file protein_15.cif (mmCIF, C-alpha atoms)
data_upload
loop_
_atom_site.label_atom_id
_atom_site.label_comp_id
_atom_site.auth_asym_id
_atom_site.auth_seq_id
_atom_site.Cartn_x
_atom_site.Cartn_y
_atom_site.Cartn_z
CA MET A 1 168.07 100.76 183.03
CA LYS A 2 165.10 102.23 181.27
CA SER A 3 165.36 105.78 180.09
CA PRO A 4 162.42 108.18 179.80
CA LEU A 5 163.77 109.05 176.40
CA PHE A 6 161.71 106.45 174.60
CA ALA A 7 158.52 107.87 176.03
CA TRP A 8 159.54 111.32 174.77
CA VAL A 9 160.20 110.07 171.30
CA VAL A 10 156.91 108.21 171.12
CA CYS A 11 155.06 111.32 172.28
CA ALA A 12 156.86 113.54 169.81
CA LEU A 13 156.18 111.25 166.89
CA ALA A 14 152.55 110.95 167.91
CA LEU A 15 152.25 114.74 167.96
CA ALA A 16 153.92 115.04 164.62
CA SER A 17 151.67 112.48 162.99
CA CYS A 18 148.62 114.34 164.25
CA SER A 19 149.72 117.61 162.71
CA ASP A 20 148.61 118.91 159.36
CA GLN A 21 150.60 117.30 156.60
CA GLU A 22 151.76 120.04 154.32
CA GLY A 23 154.57 120.91 152.03
CA GLY A 24 156.65 118.60 149.94
CA GLN A 25 157.32 118.67 146.26
CA ALA A 26 156.98 115.05 145.47
CA ALA A 27 153.60 114.89 143.91
CA ALA A 28 151.68 117.09 141.57
CA GLY A 29 148.98 118.99 143.34
CA ASP A 30 150.68 119.04 146.69
CA SER A 31 151.49 122.35 148.25
CA PRO A 32 155.23 122.27 147.79
CA ALA A 33 157.87 123.30 150.28
CA PRO A 34 161.08 124.45 148.66
CA SER A 35 164.10 122.41 149.54
CA SER A 36 167.02 124.19 151.04
CA LEU A 37 170.55 123.13 150.36
CA THR A 38 172.84 123.59 153.23
CA ALA A 39 176.35 124.13 152.07
CA GLY A 40 178.66 124.67 149.20
CA GLU A 41 176.40 127.00 147.30
CA ALA A 42 178.05 129.49 145.04
CA ALA A 43 176.53 132.60 143.59
CA PRO A 44 175.33 131.79 140.11
CA MET A 45 176.98 133.54 137.27
CA ALA A 46 174.55 135.92 135.64
CA GLY A 47 171.66 133.57 136.05
CA GLY A 48 173.43 130.35 135.13
CA CYS A 49 175.83 127.83 136.57
CA VAL A 50 179.45 128.39 135.78
CA ASP A 51 179.76 124.67 135.25
CA SER A 52 177.14 124.75 132.59
CA GLU A 53 178.62 124.46 129.18
CA GLU A 54 175.92 126.66 127.73
CA SER A 55 175.44 129.14 130.52
CA VAL A 56 176.61 132.14 128.64
CA CYS A 57 176.32 131.51 124.98
CA ASP A 58 173.26 129.44 124.36
CA SER A 59 170.50 130.82 126.46
CA GLN A 60 169.13 132.95 123.70
CA ALA A 61 167.65 130.83 121.03
CA THR A 62 168.65 131.34 117.45
CA ALA A 63 167.02 130.09 114.32
CA PRO A 64 169.61 129.30 111.71
CA SER A 65 168.57 127.65 108.51
CA ASP A 66 170.40 124.55 107.43
CA GLY A 67 168.22 123.45 104.58
CA THR A 68 166.98 119.92 104.21
CA ASP A 69 167.78 117.51 106.99
CA ALA A 70 166.58 113.99 106.69
CA ALA A 71 167.24 113.12 110.30
CA ALA A 72 165.18 115.91 111.75
CA ALA A 73 162.48 115.71 109.14
CA ALA A 74 161.82 112.06 109.85
CA ALA A 75 161.40 112.45 113.57
CA PRO A 76 158.63 113.83 115.70
CA ALA A 77 159.53 117.34 116.84
CA ALA A 78 160.39 118.08 120.42
CA GLY A 79 157.80 119.79 122.53
CA ASP A 80 154.84 119.40 120.26
CA PRO A 81 151.95 121.03 122.09
CA ALA A 82 150.31 118.25 124.00
CA PRO A 83 148.47 117.85 127.25
CA PRO A 84 150.76 117.36 130.23
CA PRO A 85 151.43 113.78 131.27
CA ALA A 86 149.15 112.39 133.92
CA ASP A 87 152.04 111.48 136.21
CA GLU A 88 153.92 114.67 136.96
CA THR A 89 156.30 115.80 139.64
CA ALA A 90 155.85 119.32 140.95
CA TYR A 91 158.72 121.66 141.76
CA GLY A 92 158.55 124.98 143.57
CA ALA A 93 155.42 127.06 143.79
CA PRO A 94 152.17 125.85 142.23
CA LEU A 95 151.52 127.02 138.68
CA THR A 96 149.10 129.92 138.55
CA LEU A 97 148.65 130.94 134.92
CA ASP A 98 145.94 129.55 132.68
CA THR A 99 147.61 130.41 129.41
CA ILE A 100 150.68 128.81 127.90
CA THR A 101 152.95 131.13 125.95
CA PRO A 102 154.40 129.38 122.90
CA ILE A 103 158.16 129.19 123.07
CA ALA A 104 158.28 130.32 119.46
CA ASP A 105 156.56 133.57 120.48
CA LEU A 106 159.03 134.13 123.31
CA VAL A 107 162.18 133.66 121.29
CA ALA A 108 160.76 135.76 118.46
CA ASP A 109 160.29 138.81 120.68
CA TRP A 110 161.83 138.54 124.12
CA GLU A 111 161.54 142.29 124.75
CA LYS A 112 157.78 142.07 124.56
CA TYR A 113 157.70 139.69 127.51
CA GLU A 114 160.41 141.21 129.70
CA GLY A 115 159.33 141.31 133.33
CA ARG A 116 156.16 139.36 132.65
CA LYS A 117 155.25 136.04 134.20
CA VAL A 118 154.76 133.36 131.58
CA GLN A 119 154.04 129.68 131.45
CA VAL A 120 155.70 127.50 128.83
CA ARG A 121 155.43 123.84 127.96
CA GLY A 122 157.77 121.67 125.98
CA THR A 123 160.42 119.01 126.02
CA VAL A 124 163.30 119.22 128.44
CA VAL A 125 166.35 119.12 126.18
CA ALA A 126 169.06 119.93 128.73
CA VAL A 127 169.45 120.01 132.51
CA CYS A 128 172.16 121.49 134.70
CA GLU A 129 174.24 118.40 135.23
CA HIS A 130 175.69 119.22 138.64
CA ARG A 131 173.20 121.35 140.48
CA GLY A 132 169.95 120.77 138.67
CA CYS A 133 169.37 124.53 138.83
CA TRP A 134 168.27 125.07 135.24
CA MET A 135 166.71 123.24 132.38
CA ASP A 136 166.30 124.12 128.74
CA ILE A 137 162.82 123.63 127.36
CA ALA A 138 162.24 123.33 123.63
CA GLY A 139 159.07 124.19 121.81
CA GLY A 140 157.82 122.53 118.70
CA GLU A 141 160.58 123.86 116.46
CA ASP A 142 164.24 123.01 116.20
CA TYR A 143 166.70 125.66 117.45
CA GLN A 144 164.05 127.22 119.70
CA LYS A 145 164.49 126.72 123.39
CA VAL A 146 164.27 128.73 126.59
CA ARG A 147 166.32 128.45 129.70
CA PHE A 148 164.33 127.98 132.87
CA LYS A 149 166.58 129.03 135.75
CA VAL A 150 165.99 128.81 139.46
CA ASN A 151 168.04 129.92 142.42
CA ASP A 152 170.30 127.15 143.63
CA GLY A 153 168.47 124.81 145.96
CA GLU A 154 165.00 126.25 145.47
CA MET A 155 164.28 123.50 142.99
CA VAL A 156 166.56 120.71 141.86
CA PHE A 157 165.72 119.26 138.47
CA PRO A 158 166.88 115.68 137.93
CA ILE A 159 169.04 114.99 134.93
CA THR A 160 166.69 112.14 134.16
CA ALA A 161 164.23 114.82 133.06
CA LYS A 162 165.86 115.08 129.64
CA GLY A 163 163.25 114.13 127.09
CA ALA A 164 160.36 114.63 129.50
CA THR A 165 157.56 117.12 129.07
CA ALA A 166 157.74 120.12 131.37
CA THR A 167 155.31 122.87 132.15
CA ALA A 168 157.14 125.75 133.75
CA GLU A 169 156.27 129.17 135.03
CA GLY A 170 158.40 132.19 135.80
CA VAL A 171 159.35 135.73 134.96
CA VAL A 172 161.08 136.62 131.71
CA THR A 173 164.39 138.15 132.65
CA LYS A 174 167.08 139.94 130.71
CA ILE A 175 170.66 139.53 131.84
CA VAL A 176 173.60 141.46 130.49
CA VAL A 177 176.87 139.59 131.00
CA PRO A 178 179.79 142.03 131.11
CA VAL A 179 182.82 141.55 128.91
CA GLU A 180 185.14 140.69 131.79
CA ARG A 181 182.85 137.91 132.97
CA LEU A 182 182.49 136.57 129.46
CA ARG A 183 186.26 136.45 129.09
CA GLU A 184 186.59 134.55 132.35
CA VAL A 185 184.00 132.00 131.35
CA TYR A 186 185.31 131.47 127.84
CA ALA A 187 188.88 131.27 129.12
CA ALA A 188 187.90 128.60 131.63
CA ARG A 189 186.01 126.73 128.96
CA ALA A 190 188.93 126.88 126.54
CA GLU A 191 191.33 125.72 129.20
CA ALA A 192 189.11 122.76 130.03
CA ALA A 193 188.96 121.86 126.34
CA GLY A 194 192.69 122.39 125.85
CA GLU A 195 192.09 125.12 123.31
CA GLU A 196 193.54 128.55 122.76
CA PHE A 197 191.49 131.58 123.71
CA ASP A 198 192.09 135.20 122.87
CA PRO A 199 190.37 137.54 125.39
CA ALA A 200 190.46 140.31 122.83
CA SER A 201 188.05 138.34 120.70
CA ILE A 202 185.25 139.34 123.09
CA THR A 203 184.50 143.02 122.88
CA GLU A 204 180.85 143.42 123.80
CA PRO A 205 178.60 142.37 126.64
CA GLN A 206 176.21 139.53 125.93
CA VAL A 207 172.49 139.61 126.49
CA ILE A 208 170.88 136.49 127.88
CA TRP A 209 167.16 135.97 128.10
CA GLN A 210 165.78 133.38 130.45
CA ILE A 211 162.79 132.56 132.58
CA GLN A 212 163.46 133.04 136.26
CA GLY A 213 161.49 130.09 137.50
CA THR A 214 158.89 130.02 140.23
CA GLY A 215 157.41 126.59 139.68
CA ALA A 216 157.35 123.67 137.30
CA ARG A 217 155.83 120.29 136.65
CA ILE A 218 157.74 117.56 134.91
CA GLY A 219 156.20 114.39 133.57
CA LEU A 220 158.99 111.87 133.85
CA MET B 1 174.21 114.50 195.88
CA ALA B 2 171.39 116.11 193.91
CA LYS B 3 173.92 117.66 191.54
CA LYS B 4 175.51 114.25 190.96
CA GLY B 5 172.14 112.76 190.12
CA TRP B 6 171.42 115.47 187.59
CA ARG B 7 174.63 114.81 185.73
CA ARG B 8 174.08 111.08 185.80
CA TRP B 9 170.63 111.41 184.25
CA LEU B 10 171.93 113.83 181.64
CA ARG B 11 174.59 111.33 180.72
CA VAL B 12 172.03 108.54 180.38
CA ILE B 13 169.76 110.65 178.19
CA HIS B 14 172.69 111.91 176.15
CA ARG B 15 173.76 108.32 175.51
CA ASP B 16 170.34 107.11 174.42
CA VAL B 17 169.56 110.14 172.29
CA GLY B 18 172.97 109.64 170.73
CA TYR B 19 172.11 106.06 169.81
CA LEU B 20 168.87 107.25 168.24
CA CYS B 21 170.73 109.83 166.19
CA VAL B 22 173.42 107.56 164.79
CA GLY B 23 171.56 106.66 161.63
CA LEU B 24 170.38 110.14 160.75
CA THR B 25 173.74 111.68 161.62
CA LEU B 26 175.48 109.37 159.16
CA ILE B 27 172.87 110.13 156.49
CA TYR B 28 173.23 113.89 156.96
CA ALA B 29 177.01 113.67 157.08
CA LEU B 30 177.20 111.66 153.88
CA SER B 31 174.75 113.93 152.09
CA GLY B 32 176.46 117.04 153.44
CA ILE B 33 179.77 116.02 151.91
CA ALA B 34 178.06 114.99 148.69
CA VAL B 35 176.21 118.27 148.12
CA ASN B 36 179.22 120.34 149.22
CA HIS B 37 180.96 119.16 146.08
CA ARG B 38 178.21 119.73 143.55
CA GLU B 39 180.66 121.74 141.50
CA ASP B 40 182.56 118.54 140.85
CA TRP B 41 179.87 115.93 140.47
CA ASN B 42 176.18 115.29 140.52
CA PRO B 43 175.53 113.87 143.99
CA ASN B 44 172.26 112.25 142.95
CA PHE B 45 172.87 110.70 139.56
CA SER B 46 175.67 109.07 137.67
CA VAL B 47 175.70 109.26 133.90
CA GLU B 48 176.90 106.37 131.80
CA ARG B 49 178.01 107.43 128.33
CA THR B 50 178.59 105.17 125.36
CA THR B 51 179.96 106.41 122.05
CA TRP B 52 179.56 105.17 118.49
CA GLN B 53 180.65 106.35 115.10
CA VAL B 54 177.87 106.46 112.50
CA ASP B 55 178.97 107.51 109.06
CA GLY B 56 176.62 109.72 107.08
CA ALA B 57 174.56 110.55 110.13
CA ARG B 58 173.37 113.81 108.60
CA ASP B 59 171.47 111.89 105.94
CA LEU B 60 169.96 109.33 108.28
CA SER B 61 166.71 109.43 110.18
CA ALA B 62 166.78 109.27 113.96
CA ALA B 63 165.48 105.71 113.83
CA ALA B 64 168.23 104.75 111.41
CA ILE B 65 170.86 106.29 113.64
CA LEU B 66 169.58 104.31 116.59
CA ARG B 67 169.60 101.14 114.52
CA ALA B 68 173.17 101.86 113.47
CA THR B 69 174.20 101.99 117.11
CA GLY B 70 172.56 98.65 117.76
CA ASN B 71 169.95 100.28 119.99
CA PRO B 72 166.73 100.25 118.01
CA GLU B 73 164.85 101.96 120.80
CA GLU B 74 161.57 103.72 120.29
CA TYR B 75 162.24 107.38 120.75
CA ARG B 76 159.90 109.99 122.11
CA SER B 77 161.12 113.07 120.29
CA THR B 78 164.09 114.83 118.73
CA PHE B 79 165.52 118.30 118.91
CA LYS B 80 168.22 120.19 117.04
CA PRO B 81 169.85 122.82 119.25
CA ASP B 82 172.00 123.85 116.29
CA PRO B 83 172.37 122.77 112.66
CA ASP B 84 175.11 120.26 113.45
CA THR B 85 173.63 118.56 116.48
CA LEU B 86 170.68 116.23 116.82
CA GLN B 87 169.29 115.10 120.14
CA ILE B 88 167.18 111.95 120.27
CA PHE B 89 165.16 111.32 123.40
CA ALA B 90 164.39 107.70 124.15
CA PRO B 91 163.87 107.66 127.92
CA PRO B 92 165.65 106.58 129.97
CA ALA B 93 168.35 107.06 127.36
CA ASN B 94 169.06 110.09 125.25
CA TYR B 95 171.41 110.48 122.33
CA THR B 96 173.46 113.38 121.07
CA VAL B 97 174.53 113.11 117.47
CA ASP B 98 177.27 115.27 115.99
CA LEU B 99 176.02 115.43 112.42
CA ARG B 100 179.41 116.61 111.13
CA SER B 101 181.55 113.83 112.56
CA GLY B 102 178.95 111.12 113.01
CA ARG B 103 179.82 110.76 116.67
CA VAL B 104 176.86 109.46 118.63
CA VAL B 105 176.83 109.61 122.42
CA ARG B 106 174.23 107.68 124.37
CA GLU B 107 173.61 108.85 127.93
CA VAL B 108 171.75 107.00 130.62
CA ALA B 109 171.43 108.55 134.06
CA ALA B 110 171.01 106.36 137.10
CA LYS B 111 170.46 107.17 140.73
CA ARG B 112 173.54 106.87 142.90
CA PRO B 113 172.65 104.25 145.50
CA VAL B 114 172.73 105.49 149.10
CA PHE B 115 173.62 109.05 148.01
CA TRP B 116 170.31 109.62 146.25
CA GLU B 117 168.35 108.42 149.28
CA SER B 118 170.54 110.42 151.68
CA ASN B 119 170.13 113.61 149.66
CA PHE B 120 166.41 112.99 149.28
CA LEU B 121 166.05 113.04 153.05
CA HIS B 122 168.72 115.60 153.90
CA LEU B 123 167.33 118.17 151.47
CA ASN B 124 163.81 117.52 152.74
CA THR B 125 162.48 116.64 149.33
CA PRO B 126 159.60 114.57 150.75
CA GLY B 127 158.45 117.38 153.06
CA ARG B 128 155.28 116.55 154.94
CA LEU B 129 155.85 114.36 158.00
CA TRP B 130 159.57 114.11 157.29
CA THR B 131 159.87 117.82 158.07
CA TRP B 132 158.90 117.07 161.65
CA VAL B 133 161.28 114.16 161.93
CA ALA B 134 164.10 116.37 160.63
CA ASP B 135 163.16 119.10 163.10
CA LEU B 136 163.22 116.62 165.95
CA PHE B 137 166.61 115.42 164.79
CA ALA B 138 167.91 118.99 164.73
CA LEU B 139 166.65 119.55 168.27
CA ALA B 140 168.24 116.29 169.34
CA LEU B 141 171.58 117.40 167.91
CA ALA B 142 171.33 120.66 169.82
CA PHE B 143 170.59 118.70 172.97
CA LEU B 144 173.54 116.38 172.35
CA ALA B 145 175.84 119.36 171.87
CA VAL B 146 174.80 121.08 175.08
CA SER B 147 174.49 117.97 177.23
CA GLY B 148 177.80 116.62 175.98
CA ALA B 149 179.48 119.83 176.95
CA VAL B 150 178.21 119.93 180.52
CA PHE B 151 177.75 116.40 181.85
CA LEU B 152 181.44 115.87 182.63
CA LYS B 153 183.11 117.48 185.60
CA GLY B 154 186.72 118.15 186.44
CA ARG B 155 189.74 118.62 184.21
CA THR B 156 188.08 117.10 181.14
CA GLY B 157 184.75 118.83 181.71
CA PHE B 158 183.52 122.13 180.36
CA ALA B 159 185.00 123.99 183.31
CA GLY B 160 188.37 122.41 182.53
CA ARG B 161 189.74 122.06 179.05
CA GLY B 162 186.26 121.67 177.58
CA LYS B 163 185.68 125.40 177.43
CA TRP B 164 188.76 125.91 175.29
CA PHE B 165 187.76 123.23 172.81
CA THR B 166 184.27 124.70 172.71
CA LEU B 167 185.65 128.15 172.04
CA ALA B 168 187.88 126.77 169.30
CA GLY B 169 184.88 125.11 167.70
CA VAL B 170 182.88 128.32 167.78
CA ALA B 171 185.84 130.29 166.44
CA VAL B 172 186.02 128.24 163.23
CA PRO B 173 182.71 129.41 161.73
CA LEU B 174 183.27 132.92 163.07
CA PHE B 175 186.64 133.06 161.33
CA PHE B 176 185.13 132.05 158.00
CA LEU B 177 182.29 134.50 158.44
CA TRP B 178 184.92 137.18 158.93
CA LEU B 179 186.93 135.88 155.98
CA TYR B 180 184.14 135.41 153.47
CA GLY B 181 181.15 137.16 154.97
#

call {"tool": "encode", "arguments": {"input": "protein_15.cif", "output": "structure tokens"}}
result
Amino acid sequence: MKSPLFAWVVCALALASCSDQEGGQAAAGDSPAPSSLTAGEAAPMAGGCVDSEESVCDSQATAPSDGTDAAAAAAPAAGDPAPPPADETAYGAPLTLDTITPIADLVADWEKYEGRKVQVRGTVVAVCEHRGCWMDIAGGEDYQKVRFKVNDGEMVFPITAKGATATAEGVVTKIVVPVERLREVYAARAEAAGEEFDPASITEPQVIWQIQGTGARIGL
Amino acid sequence: MAKKGWRRWLRVIHRDVGYLCVGLTLIYALSGIAVNHREDWNPNFSVERTTWQVDGARDLSAAAILRATGNPEEYRSTFKPDPDTLQIFAPPANYTVDLRSGRVVREVAAKRPVFWESNFLHLNTPGRLWTWVADLFALALAFLAVSGAVFLKGRTGFAGRGKWFTLAGVAVPLFFLWLYG
């Protein structure tokens, strides 16, 4: 027995194929449509995943001096300013700024950029391993990196992006993590590592600077 | 007689739409479970890690460290997140070197077969025409839900025990909305 269903499906597909093809985030230059995850999303902790090993402590870059280092000196530095790769994947909203803010300038004076939209370019040195909801981008200098954070599901960065060049745009955001939350995170981390943790060792809130991302391009 | 014909046609359409939806339903179910547990794993990629011990790593160049691991790969760049850690990027691999202990970890991420493809479609990463296909699928599921509830008559139909099962099914999300909402 023949069902009219097949005629419906053919008609529907024909209509769909005639419509304007828009959205998507697969190719650079397309007008992207943000993906939406459907379930299991948890509120991010103060702008970072709880599962991230660096969510709390490492978002603000530091610049310690360790003297001569043969290994680093012999290698090309991460994130040397360079034109973006020809083959890029776009995430989120299209990039809108014409000027790239050096990561070194950001980490030297975060306050100056608070609330401002910036565009940075550099090497992806870390990616949220479970959710793909953040990536750390390094500039041309060791120890200098910025965290590029997006709301869960808006963009999902692949962990294969480590080592790739990213151009990313978003708003510089200051987050103050309260003492209680810090204690929870560090306690969980210590427990996972089988180490002792003294909650009294944390006495002050921690300030985290990050870029709340709106869009990015990654040259894989 | 007319009423009987209506139910019969609904049953036929329900059956054929159901066949059409088998593939996508399985894809969405698999991906749904996978992304529900993102706290526990990466549903798209698996990471293979290999570890070496390289003595005197702090005094070696990145190339020398790679040679010491038996992987003389050409690397793209390096980065030191802190004075005791060196990252070497040699896509698709990347290395993390603990300069104090000499422990070198090589990571290579690979797509999880089936899961990656399922998530790619479920999360509408391609967009474009796939958005319409996914919308049609969602409408088809709604049709299957409603038609499945009403095409049977009698004790096992909606007017019989069906309404209680339907109410129980609706109560589950309402309960969790009340609990967590």

call {"tool": "atom_distance", "arguments": {"input": "protein_15.cif", "atom1": "CA of Tyr28 in chain B", "atom2": "CA of Gly213 in chain A"}}
result
27.9 Å

call {"tool": "interface_residues", "arguments": {"input": "protein_15.cif", "of": "chain B", "to": "chain A", "cutoff": "7 Å", "atoms": "all atoms listed in the file", "output": "ChimeraX atom specification"}}
result
/B:13,35-39,41-42,58-62,77-83,89,91,109,123-129,132

call {"tool": "residues_around", "arguments": {"input": "protein_15.cif", "residues": "Asp55 in chain B", "least_positions_apart": "6", "cutoff": "9 Å", "atoms": "all atoms listed in the file", "output": "PyMOL selection string"}}
result
chain B and resi 101-103

call {"tool": "atom_distance", "arguments": {"input": "protein_15.cif", "atom1": "CA of Ala134 in chain B", "atom2": "CA of Tyr19 in chain B"}}
result
16.0 Å

call {"tool": "residues_near_point", "arguments": {"input": "protein_15.cif", "point": "(181.7, 116.7, 112.9)", "cutoff": "6 Å", "atoms": "all atoms listed in the file", "output": "list in words"}}
result
Asp98, Leu99, Arg100 and Ser101 of chain B

call {"tool": "atom_distance", "arguments": {"input": "protein_15.cif", "atom1": "CA of Ala57 in chain B", "atom2": "CA of Tyr75 in chain B"}}
result
16.6 Å

call {"tool": "residues_around", "arguments": {"input": "protein_15.cif", "residues": "Val172 in chain A", "least_positions_apart": "5", "cutoff": "6 Å", "atoms": "only C-alpha atoms", "output": "PyMOL selection string"}}
result
chain A and resi 114-116+210-211

call {"tool": "residues_around", "arguments": {"input": "protein_15.cif", "residues": "range 97-107 of chain A", "least_positions_apart": "3", "cutoff": "6 Å", "atoms": "all atoms listed in the file", "output": "compact mmCIF listing (two decimals) with C-alpha atoms, in the coordinates of the input"}}
result
# COMPACT_ATOMS: atom_id res chain seq x y z
CA TRP A 110 161.83 138.54 124.12
CA GLN A 119 154.04 129.68 131.45
CA VAL A 120 155.70 127.50 128.83
CA GLY A 139 159.07 124.19 121.81
